[in-house]
Structure formats: structure tokens, C-alpha cells
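Listing of model.txt; format and content: compact mmCIF, C-alpha atoms and all ligand atoms.
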```txt
# COMPACT_ATOMS: atom_id res chain seq x y z
CA MET A 1 96.31 66.64 77.78
CA HIS A 2 96.20 69.20 80.55
CA CYS A 3 95.14 68.47 84.04
CA THR A 4 95.86 70.36 87.20
CA ARG A 5 96.07 69.15 90.74
CA LYS A 6 96.58 71.00 93.97
CA HIS A 7 98.98 69.85 96.62
CA ASP A 8 99.51 71.20 100.03
CA TYR A 9 102.98 72.55 100.41
CA ASN A 10 103.52 70.68 103.67
CA ASP A 11 102.73 67.47 101.90
CA ALA A 12 106.01 67.66 100.08
CA MET A 13 108.16 69.82 102.27
CA LEU A 14 107.70 68.16 105.62
CA ASN A 15 110.63 68.56 108.03
CA ASN A 16 112.29 71.03 105.76
CA GLU A 17 113.57 74.41 106.87
CA ALA A 18 111.36 76.12 104.33
CA THR A 19 108.15 74.68 105.83
CA LYS A 20 108.44 77.22 108.61
CA THR A 21 107.06 79.73 106.14
CA THR A 22 103.37 79.87 105.32
CA PRO A 23 101.97 77.18 103.02
CA PHE A 24 101.48 77.99 99.39
CA GLU A 25 99.38 76.57 96.61
CA ILE A 26 100.85 74.35 93.94
CA LYS A 27 99.37 73.97 90.50
CA VAL A 28 100.73 71.14 88.40
CA ILE A 29 100.33 71.16 84.64
CA TYR A 30 101.08 67.82 82.98
CA SER A 31 102.01 67.72 79.33
CA LYS A 32 104.22 65.96 76.80
CA ARG A 33 107.31 67.86 77.95
CA LYS A 34 110.55 66.22 79.08
CA THR A 35 111.62 68.33 82.04
CA ILE A 36 110.09 69.76 85.22
CA GLU A 37 109.85 73.52 85.45
CA LEU A 38 108.97 75.52 88.56
CA ARG A 39 107.69 79.06 88.44
CA PHE A 40 106.03 81.20 91.09
CA LEU A 41 103.07 83.12 89.65
CA ASP A 42 103.03 85.06 92.91
CA ALA A 43 104.41 84.48 96.41
CA ASP A 44 101.60 82.01 97.23
CA LEU A 45 101.20 80.16 93.98
CA LEU A 46 103.77 77.82 92.47
CA GLN A 47 103.19 76.50 88.98
CA ILE A 48 104.89 73.23 88.10
CA LYS A 49 105.08 72.05 84.51
CA ALA A 50 105.82 68.35 84.46
CA PRO A 51 105.91 65.49 81.95
CA ASN A 52 102.77 63.32 81.82
CA ARG A 53 102.66 60.65 84.53
CA THR A 54 105.31 62.25 86.75
CA SER A 55 104.80 60.65 90.15
CA LYS A 56 103.81 62.61 93.22
CA GLN A 57 106.98 61.33 94.87
CA LYS A 58 109.12 62.72 92.06
CA LEU A 59 107.48 66.14 92.46
CA ALA A 60 108.04 66.03 96.20
CA ASP A 61 111.72 65.26 95.63
CA VAL A 62 112.09 68.18 93.28
CA LEU A 63 110.46 70.50 95.81
CA LEU A 64 112.88 69.30 98.47
CA GLN A 65 115.87 69.84 96.22
CA LYS A 66 114.65 73.32 95.39
CA ALA A 67 113.78 74.32 98.97
CA ASP A 68 116.34 77.13 99.16
CA TRP A 69 115.32 78.57 95.82
CA ILE A 70 111.66 78.35 96.86
CA ALA A 71 112.23 80.20 100.12
CA LYS A 72 114.32 82.88 98.47
CA THR A 73 111.94 83.43 95.57
CA ARG A 74 108.95 83.67 97.89
CA ARG A 75 110.71 86.21 100.08
CA THR A 76 111.51 88.39 97.08
CA LEU A 77 107.96 88.16 95.76
CA ALA A 78 106.40 88.88 99.14
CA GLU A 79 108.46 92.05 99.41
CA ARG A 80 107.12 93.36 96.12
CA TRP A 81 105.03 96.46 96.52
CA GLN A 82 101.37 95.87 95.76
CA THR A 83 100.00 96.83 92.40
CA PRO A 84 97.88 99.94 92.97
CA GLN A 85 94.20 99.05 93.42
CA MET A 86 93.22 102.61 92.43
CA LYS A 87 91.25 103.19 95.63
CA GLN A 88 90.54 106.56 97.21
CA GLY A 89 93.41 107.55 99.54
CA GLU A 90 95.69 104.73 98.46
CA GLN A 91 99.45 105.36 98.57
CA ILE A 92 101.16 105.45 95.20
CA LEU A 93 104.93 105.46 94.62
CA LEU A 94 106.21 108.42 92.66
CA LEU A 95 109.73 109.87 92.55
CA GLY A 96 110.79 107.75 95.51
CA SER A 97 108.01 108.61 97.93
CA TRP A 98 104.42 107.63 98.57
CA HIS A 99 101.62 109.93 97.46
CA SER A 100 97.89 109.80 98.22
CA LEU A 101 95.55 109.00 95.38
CA LYS A 102 92.48 111.17 94.99
CA ILE A 103 89.75 109.95 92.67
CA LEU A 104 87.89 112.81 91.03
CA SER A 105 84.25 112.71 89.96
CA THR A 106 85.28 114.11 86.55
CA PRO A 107 85.27 110.76 84.74
CA ASN A 108 88.20 111.19 82.37
CA ALA A 109 90.52 113.58 84.21
CA LYS A 110 94.06 112.55 83.31
CA PRO A 111 96.39 111.50 86.14
CA GLN A 112 98.22 114.48 87.58
CA ILE A 113 100.25 115.38 90.59
CA SER A 114 98.98 118.43 92.45
CA GLU A 115 101.13 121.05 94.16
CA THR A 116 100.40 119.43 97.49
CA GLY A 117 101.70 116.10 96.21
CA VAL A 118 98.33 114.41 95.80
CA ILE A 119 97.83 112.30 92.68
CA THR A 120 94.46 113.01 91.10
CA ILE A 121 92.71 110.93 88.46
CA GLY A 122 89.21 110.72 86.97
CA LYS A 123 86.77 108.06 88.18
CA SER A 124 86.41 106.20 84.88
CA LEU A 125 90.14 106.11 84.29
CA ALA A 126 90.78 104.82 87.81
CA GLU A 127 88.32 102.00 87.20
CA ALA A 128 90.51 100.82 84.34
CA GLY A 129 93.18 99.89 86.91
CA ALA A 130 96.78 100.78 87.62
CA SER A 131 97.66 101.10 83.93
CA ALA A 132 95.82 104.43 84.02
CA LEU A 133 98.82 105.80 85.93
CA VAL A 134 101.27 105.01 83.13
CA PRO A 135 100.83 108.36 81.30
CA LEU A 136 101.83 110.14 84.50
CA TYR A 137 104.87 107.89 84.96
CA ARG A 138 105.82 108.47 81.34
CA GLN A 139 105.45 112.21 81.60
CA LEU A 140 107.58 112.43 84.74
CA THR A 141 110.23 110.12 83.34
CA ARG A 142 110.47 112.24 80.19
CA GLN A 143 110.54 115.50 82.12
CA TRP A 144 113.30 114.48 84.52
CA THR A 145 115.48 112.44 82.16
CA GLU A 146 115.44 115.35 79.69
CA HIS A 147 116.32 117.74 82.46
CA TYR A 148 119.38 115.79 83.60
CA ALA A 149 120.42 114.79 80.09
CA GLN A 150 120.55 118.41 79.02
CA LEU A 151 122.48 119.40 82.12
CA TYR A 152 125.17 116.70 81.85
CA ALA A 153 125.38 116.49 78.05
CA GLN A 154 126.26 120.15 77.92
CA ARG A 155 128.69 120.06 80.80
CA TRP A 156 130.52 116.98 79.46
CA GLN A 157 130.15 117.55 75.73
CA LEU A 158 128.32 114.27 75.16
CA ALA A 159 126.00 114.40 72.17
CA HIS A 160 123.08 112.01 72.51
CA GLN A 161 120.42 111.53 69.84
CA GLY A 162 117.29 112.06 71.83
CA ILE A 163 115.41 110.24 74.57
CA ARG A 164 112.93 107.42 74.17
CA ILE A 165 110.60 106.31 76.97
CA THR A 166 110.03 102.55 76.98
CA SER A 167 107.93 100.06 78.95
CA ALA A 168 110.90 97.85 79.82
CA SER A 169 110.37 95.99 83.06
CA THR A 170 113.75 94.33 83.53
CA ARG A 171 116.03 97.24 82.79
CA TRP A 172 115.87 100.86 83.79
CA GLY A 173 117.56 102.25 80.75
CA SER A 174 120.03 101.74 77.94
CA CYS A 175 122.13 103.63 75.45
CA GLY A 176 121.43 102.61 71.85
CA PRO A 177 124.17 102.09 69.23
CA LYS A 178 123.36 105.49 67.72
CA ASN A 179 123.40 107.16 71.13
CA THR A 180 119.67 107.30 71.64
CA LEU A 181 118.97 107.11 75.36
CA ASN A 182 116.18 104.75 76.43
CA PHE A 183 114.51 104.93 79.81
CA SER A 184 111.70 102.84 81.25
CA TRP A 185 108.74 104.84 82.56
CA ARG A 186 109.07 102.74 85.72
CA LEU A 187 111.97 105.02 86.53
CA ALA A 188 109.41 107.65 87.64
CA MET A 189 108.93 105.55 90.79
CA ALA A 190 112.56 106.16 91.77
CA PRO A 191 113.90 109.21 93.65
CA LEU A 192 115.36 112.07 91.60
CA ILE A 193 118.92 111.21 92.55
CA SER A 194 118.40 107.74 91.03
CA ILE A 195 116.97 109.22 87.84
CA GLU A 196 119.96 111.55 87.72
CA TYR A 197 122.33 108.60 88.21
CA LEU A 198 120.71 106.59 85.43
CA VAL A 199 120.88 109.46 82.96
CA VAL A 200 124.54 110.01 83.79
CA HIS A 201 125.17 106.25 83.49
CA GLU A 202 123.66 106.08 79.99
CA LEU A 203 125.41 109.27 78.89
CA ALA A 204 128.72 107.86 80.09
CA HIS A 205 128.16 104.95 77.68
CA ILE A 206 128.52 107.39 74.78
CA LYS A 207 132.18 107.56 75.75
CA HIS A 208 132.65 104.05 77.16
CA ARG A 209 130.45 101.32 75.64
CA ASP A 210 131.20 98.76 78.37
CA HIS A 211 131.22 98.60 82.16
CA SER A 212 134.99 98.80 82.37
CA LYS A 213 136.94 100.46 85.12
CA ALA A 214 137.35 103.48 82.88
CA PHE A 215 133.57 103.70 82.52
CA TRP A 216 133.00 103.76 86.28
CA GLN A 217 135.81 106.25 86.79
CA PHE A 218 134.32 108.56 84.19
CA LEU A 219 130.88 108.19 85.75
CA LYS A 220 132.26 109.07 89.17
CA GLN A 221 133.92 112.11 87.72
CA MET A 222 130.62 113.21 86.25
CA MET A 223 128.57 112.47 89.36
CA PRO A 224 130.69 111.96 92.48
CA ASP A 225 127.73 110.81 94.62
CA PHE A 226 126.35 108.39 91.99
CA GLU A 227 126.36 105.48 94.44
CA GLU A 228 123.55 107.06 96.40
CA GLY A 229 121.34 107.08 93.30
CA GLN A 230 122.47 103.61 92.28
CA SER A 231 121.70 101.95 95.60
CA TRP A 232 117.96 102.71 95.55
CA LEU A 233 117.63 101.10 92.13
CA LYS A 234 119.58 98.05 93.30
CA GLN A 235 117.61 97.65 96.51
CA ASN A 236 114.15 98.29 95.15
CA GLY A 237 114.26 97.22 91.53
CA ASN A 238 112.57 93.89 92.15
CA LYS A 239 110.00 95.32 94.55
CA LEU A 240 108.37 97.56 91.98
CA PRO A 241 104.66 96.84 91.60
CA LYS A 242 103.52 95.02 88.52
CA ILE A 243 101.83 97.56 86.28
CA LYS A 244 101.00 96.73 82.71
CA PRO A 245 101.95 99.34 80.13
ZN ZN B 301 125.44 100.39 81.63
```

Can the structure in the file be given as C-alpha cells, please?
Amino acid sequence: MHCTRKHDYNDAMLNNEATKTTPFEIKVIYSKRKTIELRFLDADLLQIKAPNRTSKQKLADVLLQKADWIAKTRRTLAERWQTPQMKQGEQILLLGSWHSLKILSTPNAKPQISETGVITIGKSLAEAGASALVPLYRQLTRQWTEHYAQLYAQRWQLAHQGIRITSASTRWGSCGPKNTLNFSWRLAMAPLISIEYLVVHELAHIKHRDHSKAFWQFLKQMMPDFEEGQSWLKQNGNKLPKIKP
């Protein structure tokens, strides 16, 4: 049996450090399970899966125990960049900077970036939501990863077996066992130096399969300023807007 109940956050978290943040909604789903699981669906909505007949007091205790995790998770989620609403003039992240979105009256005009840095897209496509931008992200990821792969593969005599663009949301890229390089189209949101770093990172795996000291030394040899590209990915990776492939 499923039933949901809403609690006010303050109900459970009274006198706790974390209550100084804004209240959030709690949705409890009771079922035949054995353990309690907490998951934020977004910064203001916590879903709790609990065994049937778990008492309100028990839930409150769990929330208290998890106060630090709750505060930290909410902070991370609140920092996430908004999923594009596909509105006229909206700012869209591309290659590390924000670009204005221009909706064209041509219904099915594919997403493009103009010479002036404006992203244009047809009206009907825009109405389909942020996913309509994926072809543009894919195209840019392919273009720039191929560019850097060619440059570095030649210079360092590293033979890769082609590039594949994926929809991965938890990793930027990988190097397959047969030296195929995989990159997520989400990489097109990152600055060029980060795309360059990631290509060099995956290419370096052709020589060193692990993240050993030798790997990092080789990478630094290939791209002495790699840390600059790496830091953007580290700092912003979990802020990327949710866009479905
Ligand atoms: Zn790696």
C-alpha cells in the first residue's frame, strides 16, 4: 500500500542548525520495505521511503541524525543551474559562457550558434523543451573533441579508435578498452580549455590505464596547464542543469 503524507520540515528539525535554512517539503512513501531511504528530488522536496507503520517520531529522529547531510545536499542542489525554460532572451550555457537564446518564427529551425554568439532555435522545437538543445551540444562536443584529439594524438603518437558522443550524466568522458574515446555531450557546456583537458586525459589513458603518478606526470607533460581545465569541471560538474537526452 502506498500513502503519502506531508510534514513541515520544522516539525522534525526544531532547534537544529539546519532549520535556519528555508523549510522544505517532505513526501513519505510507506511500503513493505525494511529500511528508511532519504532522497532529495530537488532542493525543496525530500522523498522518504519508509517501512509501513514507521512512527512520526522515528522519521523525526532520522531527519535529526541526517541534518548535516540534508543541509549539504540542499546547498548543492540549490546551486544547480536551472534547466533552460526555452524562453526568448534566456541565458544558455555553452562552452563555458552564457549565451542569449533567440526563438525564431521558423518552426523547425535547428539549434545553432550565430556569429554574434546568439543561440537560435525554431519555435516548435523550443516548445519541446531543453532537450531540443541536445543536438547543438552534441555537435559542439564532437567538433571540439575531434579537434583536440587530432592535435594531441598526432603530437604524442597515441592512436585512438574514434570518438563516441554519449549522454552520460555522471562522467565527462572515458577511454574504452579498445581505445575508443567517449565524451558526454554535456561537455559542450564547459570552456574550451576544459574540453582540451578532458581529451588529453582520455588520450593519456591509452598509455596509462590507471590514475597512477605516471599517468598524471604524462598528462602534465602533454598539457602543462591542465589544472586550469580540470578545475572548472570539478567546480561546476554538479551544477550542470538537468537536460534529458
Ligand atoms: Zn581517467

If I take CA of Lys110 (chain A) and CA of Ser97 (chain A), how far is one from the other in Å, to one decimal? 20.6 Å

Residues within 10 Å of Ile206 (chain A), please, as a ChimeraX atom specification. Count all atoms listed in the file; anything in the same chain fewer than 3 positions from it doesn't count. /A:158-160,175-181,201-203,209-210,215

Limited to C-alpha atoms, could you put the picked residues into a file as a compact mmCIF listing (two decimals), keeping the file's coordinate frame?
```txt
# COMPACT_ATOMS: atom_id res chain seq x y z
CA LEU A 158 128.32 114.27 75.16
CA ALA A 159 126.00 114.40 72.17
CA HIS A 160 123.08 112.01 72.51
CA CYS A 175 122.13 103.63 75.45
CA GLY A 176 121.43 102.61 71.85
CA PRO A 177 124.17 102.09 69.23
CA LYS A 178 123.36 105.49 67.72
CA ASN A 179 123.40 107.16 71.13
CA THR A 180 119.67 107.30 71.64
CA LEU A 181 118.97 107.11 75.36
CA HIS A 201 125.17 106.25 83.49
CA GLU A 202 123.66 106.08 79.99
CA LEU A 203 125.41 109.27 78.89
CA ARG A 209 130.45 101.32 75.64
CA ASP A 210 131.20 98.76 78.37
CA PHE A 215 133.57 103.70 82.52
```

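Around Asp42 (chain A), within 12 Å and counting only C-alpha atoms, the residues found are Phe24, Glu25, Ile26, Lys27, Ile70, Thr73, Arg74, Arg75, Thr76, Leu77, Ala78, Glu79, Arg80, Gln82, Pro241 and Lys242 of chain A, once anything fewer than 6 positions away on its own chain is removed.
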
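When CA of Lys49 (chain A) is paired with CA of Ile29 (chain A), their separation reads 4.8 Å.
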
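The shortest atom-to-atom distance to ligand ZN 301 (chain B), with all atoms listed in the file taken into account, belongs to A:Ser174 out of A:Gln139, A:Ser55, A:Ser174, A:Asn236.
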
Determine, counting all atoms listed in the file, which protein, DNA and RNA residues have an atom within 9 Å of an atom of Val199 (chain A); residues of the same chain fewer than 5 positions away are not included. Present the result as a compact mmCIF listing (two decimals) with C-alpha atoms, in the frame of the given file.
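Result saved to part-v1.txt:
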```txt
# COMPACT_ATOMS: atom_id res chain seq x y z
CA THR A 145 115.48 112.44 82.16
CA GLU A 146 115.44 115.35 79.69
CA TYR A 148 119.38 115.79 83.60
CA ALA A 149 120.42 114.79 80.09
CA TYR A 152 125.17 116.70 81.85
CA GLY A 173 117.56 102.25 80.75
CA LEU A 181 118.97 107.11 75.36
CA PHE A 183 114.51 104.93 79.81
CA SER A 194 118.40 107.74 91.03
CA ALA A 204 128.72 107.86 80.09
```

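Residue nearest ligand ZN 301 (chain B), chosen from A:Trp69, A:Tyr137, A:Trp172, A:Phe40 and counting all atoms listed in the file: A:Trp172.
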
If you count only C-alpha atoms, the residue of A:Leu140, A:Val200, A:Leu219, A:Ala132 closest to Pro245 (chain A) turns out to be A:Ala132

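Distance check against Arg171 (chain A) using only C-alpha atoms: of A:Leu133, A:Leu240, A:Ala214, A:Met86, the minimum falls on A:Leu240.
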
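Note that the spacing between CA of Gly89 (chain A) and CA of Lys102 (chain A) amounts to 5.9 Å.
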
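Proximity to Val118 (chain A) at 9 Å, evaluated using all atoms listed in the file and with sequence-adjacent residues fewer than 6 positions away removed, yields His99, Ser100, Leu101, Lys102 and Gln112 of chain A.
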
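With distances restricted to all atoms listed in the file, A:Met223 is the closest residue to Leu151 (chain A) from A:Leu136, A:Leu93, A:Leu41, A:Met223.
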